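A.B. asks: My file is data06.tsv. It has TSV, C-alpha atoms:
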```tsv
chain	number	residue	atom	x	y	z
A	1	MET	CA	0.00	0.00	0.00
A	2	LEU	CA	2.83	2.34	0.97
A	3	LEU	CA	4.65	1.28	-2.17
A	4	SER	CA	1.70	2.07	-4.47
A	5	LEU	CA	1.22	5.41	-2.73
A	6	ALA	CA	4.90	6.18	-3.31
A	7	GLN	CA	4.56	5.17	-6.96
A	8	ARG	CA	1.59	7.45	-7.38
A	9	ILE	CA	3.45	10.39	-5.78
A	10	GLN	CA	6.48	9.69	-7.95
A	11	ALA	CA	4.22	9.84	-11.02
A	12	THR	CA	2.96	13.35	-10.21
A	13	GLU	CA	4.16	16.38	-12.13
A	14	LEU	CA	5.31	18.06	-8.92
A	15	SER	CA	7.63	15.16	-8.12
A	16	ALA	CA	9.03	15.06	-11.65
A	17	TRP	CA	9.54	18.82	-11.66
A	18	LEU	CA	11.32	18.85	-8.30
A	19	ALA	CA	13.42	15.79	-9.15
A	20	GLY	CA	14.39	17.27	-12.50
A	21	SER	CA	15.48	20.58	-10.99
A	22	THR	CA	19.17	21.00	-10.22
A	23	TRP	CA	18.60	23.28	-7.22
A	24	ALA	CA	15.42	21.89	-5.62
A	25	TYR	CA	17.05	19.02	-3.74
A	26	PRO	CA	20.08	20.93	-2.37
A	27	LEU	CA	17.94	23.92	-1.37
A	28	ILE	CA	15.13	21.93	0.23
A	29	GLY	CA	17.68	19.65	1.94
A	30	ALA	CA	19.43	22.71	3.37
A	31	LEU	CA	16.13	24.21	4.56
A	32	HIS	CA	15.37	20.91	6.28
A	33	VAL	CA	18.64	21.03	8.23
A	34	LEU	CA	17.99	24.68	9.16
A	35	GLY	CA	14.57	23.65	10.46
A	36	VAL	CA	16.24	20.91	12.50
A	37	ALA	CA	18.67	23.43	14.04
A	38	TRP	CA	15.82	25.84	14.79
A	39	PHE	CA	13.15	23.48	16.12
A	40	GLY	CA	15.30	20.54	17.26
A	41	GLY	CA	17.86	22.89	18.77
A	42	GLY	CA	15.17	24.82	20.64
A	43	VAL	CA	13.57	21.65	21.99
A	44	LEU	CA	16.90	20.02	22.94
A	45	LEU	CA	18.13	23.16	24.71
A	46	SER	CA	14.92	23.55	26.67
A	47	ILE	CA	15.10	19.90	27.77
A	48	LEU	CA	18.81	19.98	28.61
A	49	CYS	CA	18.77	23.34	30.37
A	50	ARG	CA	15.45	22.46	32.07
A	51	LEU	CA	14.43	25.99	31.30
A	52	GLY	CA	11.79	27.48	33.52
A	53	ARG	CA	8.55	28.49	31.93
A	54	GLU	CA	9.81	32.04	31.34
A	55	ALA	CA	13.01	30.96	29.54
A	56	ARG	CA	11.42	28.34	27.32
A	57	PRO	CA	11.15	29.37	23.69
A	58	ARG	CA	7.72	30.76	22.92
A	59	ALA	CA	5.58	28.24	21.10
A	60	GLY	CA	5.34	30.50	18.05
A	61	PHE	CA	9.13	30.56	17.62
A	62	LEU	CA	9.41	26.77	17.96
A	63	TRP	CA	6.49	25.98	15.68
A	64	THR	CA	7.79	28.27	12.92
A	65	GLY	CA	10.96	26.14	12.92
A	66	ALA	CA	8.84	22.99	13.02
A	67	ILE	CA	6.85	24.13	9.97
A	68	VAL	CA	10.07	24.79	8.01
A	69	MET	CA	11.27	21.31	9.00
A	70	LEU	CA	8.00	19.51	8.20
A	71	VAL	CA	7.28	21.22	4.86
A	72	SER	CA	10.86	20.74	3.61
A	73	GLY	CA	10.83	17.14	4.90
A	74	ALA	CA	7.60	16.38	3.05
A	75	SER	CA	9.05	17.98	-0.10
A	76	LEU	CA	12.16	15.80	0.13
A	77	PHE	CA	9.84	12.79	0.32
A	78	VAL	CA	7.93	13.98	-2.77
A	79	ILE	CA	11.22	14.21	-4.72
A	80	GLU	CA	12.08	10.56	-4.23
A	81	PRO	CA	9.20	8.69	-2.57
A	82	LEU	CA	10.21	5.26	-3.92
A	83	ARG	CA	13.74	5.50	-2.55
A	84	CYS	CA	12.32	6.60	0.82
A	85	VAL	CA	9.79	3.81	1.26
A	86	THR	CA	12.33	1.19	0.18
A	87	SER	CA	14.91	2.53	2.68
A	88	ASP	CA	15.09	0.69	6.01
A	89	ALA	CA	16.47	3.79	7.72
A	90	PHE	CA	13.48	5.88	6.53
A	91	GLY	CA	11.04	3.41	8.13
A	92	VAL	CA	13.08	3.44	11.35
A	93	LYS	CA	13.07	7.26	11.32
A	94	LEU	CA	9.28	7.44	10.97
A	95	LEU	CA	8.76	4.92	13.81
A	96	LEU	CA	11.18	6.84	16.04
A	97	LEU	CA	9.36	10.11	15.21
A	98	VAL	CA	6.04	8.60	16.30
A	99	ALA	CA	7.70	7.35	19.50
A	100	LEU	CA	9.27	10.78	20.01
A	101	VAL	CA	5.94	12.62	19.80
A	102	ALA	CA	4.42	10.08	22.22
A	103	ALA	CA	7.38	10.45	24.61
A	104	HIS	CA	7.10	14.25	24.60
A	105	ARG	CA	3.45	13.95	25.58
A	106	ALA	CA	3.99	11.24	28.19
A	107	ARG	CA	4.18	12.17	31.87
A	108	THR	CA	6.77	9.78	33.24
A	109	LYS	CA	9.95	10.20	35.26
A	110	VAL	CA	12.07	8.97	32.36
A	111	ARG	CA	10.66	11.54	29.92
A	112	VAL	CA	13.88	13.57	29.67
A	113	PRO	CA	16.35	10.70	29.01
A	114	LEU	CA	13.77	8.98	26.82
A	115	THR	CA	13.12	11.98	24.56
A	116	LEU	CA	16.85	12.79	24.32
A	117	THR	CA	17.64	9.22	23.28
A	118	LEU	CA	14.85	9.30	20.71
A	119	TRP	CA	16.06	12.62	19.27
A	120	VAL	CA	19.55	11.19	18.75
A	121	GLY	CA	17.95	8.06	17.28
A	122	VAL	CA	15.98	10.18	14.80
A	123	PHE	CA	19.19	12.01	13.76
A	124	LEU	CA	20.94	8.66	13.31
A	125	ALA	CA	18.14	7.14	11.24
A	126	ALA	CA	17.84	10.34	9.20
A	127	ARG	CA	21.52	10.28	8.25
A	128	GLY	CA	21.16	6.55	7.65
A	129	ILE	CA	18.67	7.17	4.81
A	130	ALA	CA	21.61	8.23	2.62
A	131	PHE	CA	23.23	4.83	3.22
A	132	PHE	CA	20.56	2.18	3.83
B	1	MET	CA	35.99	5.64	4.23
B	2	VAL	CA	35.08	3.07	1.57
B	3	ALA	CA	35.21	0.39	4.26
B	4	LEU	CA	32.72	2.38	6.34
B	5	LYS	CA	30.35	2.92	3.43
B	6	ASN	CA	28.01	0.09	4.41
B	7	SER	CA	28.31	0.33	8.18
B	8	TRP	CA	26.39	2.47	10.65
B	9	ALA	CA	29.65	4.12	11.74
B	10	PHE	CA	29.44	6.92	9.20
B	11	PRO	CA	25.77	7.86	9.80
B	12	LEU	CA	26.50	7.63	13.55
B	13	ILE	CA	29.34	10.16	13.27
B	14	GLU	CA	27.08	12.35	11.10
B	15	ALA	CA	24.24	12.06	13.65
B	16	VAL	CA	26.55	13.31	16.43
B	17	HIS	CA	27.55	16.16	14.08
B	18	VAL	CA	23.87	17.03	13.47
B	19	ALA	CA	23.11	16.87	17.23
B	20	GLY	CA	26.06	19.21	17.91
B	21	MET	CA	24.81	21.52	15.15
B	22	ALA	CA	21.31	21.58	16.70
B	23	LEU	CA	22.79	22.52	20.10
B	24	LEU	CA	25.18	25.23	18.88
B	25	ALA	CA	23.19	26.69	15.96
B	26	GLY	CA	19.96	26.27	17.96
B	27	ALA	CA	21.44	28.32	20.81
B	28	VAL	CA	22.79	30.96	18.40
B	29	ILE	CA	19.52	31.32	16.47
B	30	PHE	CA	17.44	31.47	19.67
B	31	THR	CA	19.75	33.98	21.42
B	32	ASP	CA	20.33	36.20	18.37
B	33	VAL	CA	16.64	36.38	17.46
B	34	ARG	CA	15.94	37.36	21.09
B	35	ARG	CA	18.74	39.96	20.90
B	36	LEU	CA	17.06	41.52	17.85
B	37	GLY	CA	14.17	42.27	20.15
B	38	TRP	CA	11.76	39.57	19.04
B	39	ALA	CA	9.83	38.28	22.02
B	40	VAL	CA	10.74	34.60	21.56
B	41	ALA	CA	11.33	34.16	25.32
B	42	GLU	CA	10.80	36.12	28.54
B	43	ARG	CA	14.49	36.10	29.44
B	44	THR	CA	16.98	38.57	27.98
B	45	SER	CA	19.45	37.42	25.35
B	46	ASP	CA	22.33	37.70	27.87
B	47	GLU	CA	20.50	35.40	30.28
B	48	LEU	CA	19.77	32.93	27.47
B	49	ASP	CA	23.42	33.10	26.43
B	50	ARG	CA	24.52	32.21	29.96
B	51	ILE	CA	21.96	29.39	30.35
B	52	PHE	CA	22.83	27.82	26.97
B	53	LYS	CA	26.61	28.22	27.22
B	54	PRO	CA	27.53	24.77	28.66
B	55	TRP	CA	25.37	22.94	26.10
B	56	ALA	CA	26.34	25.14	23.18
B	57	HIS	CA	30.00	24.50	24.04
B	58	ALA	CA	29.31	20.76	24.30
B	59	GLY	CA	27.71	21.03	20.85
B	60	LEU	CA	30.79	22.84	19.53
B	61	ALA	CA	33.07	20.11	20.92
B	62	MET	CA	30.89	17.45	19.23
B	63	LEU	CA	31.02	19.39	15.95
B	64	LEU	CA	34.81	19.84	15.99
B	65	ALA	CA	35.55	16.23	16.98
B	66	THR	CA	33.23	14.60	14.42
B	67	GLY	CA	34.03	17.23	11.78
B	68	ALA	CA	37.77	16.60	12.10
B	69	LEU	CA	37.15	12.84	12.00
B	70	MET	CA	35.06	13.00	8.79
B	71	THR	CA	37.47	15.40	7.09
B	72	ALA	CA	40.53	13.30	7.96
B	73	ALA	CA	38.83	10.07	6.89
B	74	ASP	CA	37.94	11.37	3.42
B	75	TRP	CA	40.31	14.26	2.75
B	76	SER	CA	40.69	13.51	-0.95
B	77	ARG	CA	36.93	14.00	-1.32
B	78	TYR	CA	36.60	17.15	0.75
B	79	ARG	CA	39.56	18.99	-0.72
B	80	ARG	CA	37.89	18.94	-4.15
B	81	ASN	CA	34.47	19.94	-2.82
B	82	PRO	CA	33.66	23.68	-3.25
B	83	ALA	CA	30.84	23.60	-0.67
B	84	PHE	CA	33.32	22.28	1.92
B	85	TRP	CA	35.65	25.26	1.37
B	86	VAL	CA	32.77	27.75	1.46
B	87	LYS	CA	31.69	26.21	4.77
B	88	LEU	CA	35.22	26.32	6.18
B	89	VAL	CA	35.65	29.98	5.24
B	90	LEU	CA	32.23	30.90	6.71
B	91	VAL	CA	32.86	29.01	9.97
B	92	VAL	CA	35.62	31.50	10.91
B	93	PRO	CA	33.43	34.65	11.16
B	94	ALA	CA	30.52	32.56	12.52
B	95	LEU	CA	32.62	31.27	15.42
B	96	GLY	CA	34.22	34.69	15.86
B	97	LEU	CA	30.79	36.28	16.31
B	98	TYR	CA	29.80	33.47	18.69
B	99	PHE	CA	32.77	34.03	20.99
B	100	VAL	CA	32.94	37.83	20.81
B	101	PRO	CA	30.05	39.35	22.79
B	102	HIS	CA	27.99	41.40	20.35
B	103	LYS	CA	25.17	43.78	21.15
B	104	SER	CA	24.79	45.77	17.92
B	105	LYS	CA	22.01	44.92	15.54
B	106	THR	CA	24.41	44.69	12.58
B	107	LEU	CA	26.65	42.09	14.23
B	108	THR	CA	23.64	40.10	15.46
B	109	ILE	CA	22.21	39.95	11.94
B	110	ALA	CA	25.70	39.09	10.62
B	111	SER	CA	25.90	36.24	13.14
B	112	LEU	CA	22.50	34.86	12.09
B	113	LEU	CA	23.43	35.11	8.40
B	114	CYS	CA	26.84	33.46	8.92
B	115	TRP	CA	25.40	30.51	10.82
B	116	THR	CA	22.57	30.09	8.30
B	117	ALA	CA	25.13	30.12	5.48
B	118	VAL	CA	27.32	27.58	7.32
B	119	VAL	CA	24.38	25.20	7.68
B	120	LEU	CA	23.38	25.68	4.01
B	121	ALA	CA	26.96	25.12	2.80
B	122	ALA	CA	27.35	22.09	5.07
B	123	ARG	CA	24.29	20.44	3.61
B	124	ALA	CA	25.51	21.31	0.11
B	125	ILE	CA	28.72	19.28	0.59
B	126	ALA	CA	26.69	16.20	-0.30
B	127	ASP	CA	25.52	17.86	-3.53
B	128	PHE	CA	28.89	19.12	-4.79
B	129	ASP	CA	31.00	16.00	-5.14
B	130	ILE	CA	32.89	16.57	-8.37
```
Please express the file's structure as structure tokens.
C.D. replies:
Amino acid sequence: MLLSLAQRIQATELSAWLAGSTWAYPLIGALHVLGVAWFGGGVLLSILCRLGREARPRAGFLWTGAIVMLVSGASLFVIEPLRCVTSDAFGVKLLLLVALVAAHRARTKVRVPLTLTLWVGVFLAARGIAFF
Amino acid sequence: MVALKNSWAFPLIEAVHVAGMALLAGAVIFTDVRRLGWAVAERTSDELDRIFKPWAHAGLAMLLATGALMTAADWSRYRRNPAFWVKLVLVVPALGLYFVPHKSKTLTIASLLCWTAVVLAARAIADFDI
């Protein structure tokens, strides 16, 4: 099902246009990393520094970074959906992202170490997409 | 590096590099945007700077260690990569602005631009293998 969805996305004009463009992939890839620094950096720093409510980044600032990250991430998927769904690392990344969102919402004592571990896991799986 | 091509070692080193980038660039973006007067947090930029310092420095250490490792492991590739040299040249003013306390609007904007350009050039290394 995922495979046929990927095939259908790959067949769209948008995908062909983005994949055929010399600059789309480098630019969108770079935007994605910027979004990671902005949103991921903000979240990591507020977890690590255990910032009080007043020092935590305002939600608007964080979510702007998150939108940059999500839109560029989705665009990267549209460029090469088949390679993504056939990559083991991509599947691992998606599973870890679901776990990460759940962990951020959970109210347990191990929330901080758990979310930090998952963030590093997401980075690892994300870089792994280029290899596996 | 060819031997590492199909192992998790290389993505692992890259993941540590990305985590370090998130810590350092995240702290710089957050602090500089606050310094420009945007109400992204209640605390002042100087307070944020002080709170983030240990983690931003940890991020910098991660970046330098993994960066040196990757460069040394594949020097013949990097030395022919224009994006790598652009990044290296941009890292100098970016780090300079990070370590020198800056209050003026011009330097704060310069810092944000330098770090953005470093991240863009870093990502472009993968696209400029010639």
A.B. asks: Select all residues from chain A having any atom no more than 10 Å from an atom of chain B (counting only C-alpha atoms, ignoring ligands), output as an NGL selection string.
C.D. replies: :A and (22-23 or 25-46 or 48-62 or 119-132)
A.B. asks: So, counting all atoms listed in the file, which residue among B:Thr31, B:Pro93, B:Asp74, B:Trp85 is closest to Ser45 (chain B)?
C.D. replies: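 Once distances to Ser45 (chain B) are computed over all atoms listed in the file, the minimum belongs to B:Thr31.
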A.B. asks: Taking all atoms listed in the file into account, which of A:Val68, A:Val110, A:Ala19, A:Leu116 comes nearest Pro81 (chain A)?
C.D. replies: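 Closest residue, counting all atoms listed in the file: A:Ala19.
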A.B. asks: Distance CA of Met1 (chain A)-CA of Ser21 (chain A), one decimal place?
C.D. replies: 28.0 Å
A.B. asks: For the atom pair CA of Leu36 (chain B) and CA of Lys105 (chain B), what is the interatomic distance in Å to one decimal place?
C.D. replies: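 It comes out at 6.4 Å.
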A.B. asks: For each of A:Val78, A:Val98, A:Met69, A:Ala89, take the minimum atom-to-atom distance to Leu18 (chain A), counting all atoms listed in the file, then give the residue where this is smallest.
C.D. replies: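 Answer, going by the shortest atom-to-atom distance: A:Val78.
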A.B. asks: Any chance you could work out the axis-aligned box around region 92-97 of chain A, listed atoms only, 4 Å on each side, giving centre and edge lengths in Å to one decimal, as JSON?
C.D. replies:
```
{"center_x": 10.9, "center_y": 6.8, "center_z": 13.5, "size_x": 12.3, "size_y": 14.7, "size_z": 13.1}
```
A.B. asks: Just how far from CA of Val85 (chain A) is CA of Ser15 (chain A), in Å to one decimal?
C.D. replies: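 Pair CA of Ser15 (chain A) / CA of Val85 (chain A) returns 14.9 Å.
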A.B. asks: Could you pull the residues within 7 Å of Glu80 (chain A), counting only C-alpha atoms, minus those fewer than 4 positions along the same chain, as an mmCIF file with C-alpha atoms, in the coordinates of the input?
C.D. replies:
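New file part02.cif:
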```
data_model
loop_
_atom_site.group_PDB
_atom_site.id
_atom_site.type_symbol
_atom_site.label_atom_id
_atom_site.label_comp_id
_atom_site.auth_asym_id
_atom_site.auth_seq_id
_atom_site.Cartn_x
_atom_site.Cartn_y
_atom_site.Cartn_z
ATOM 1 C CA GLN A 10 6.480 9.690 -7.950
ATOM 2 C CA LEU A 76 12.160 15.800 0.130
ATOM 3 C CA CYS A 84 12.320 6.600 0.820
#
```
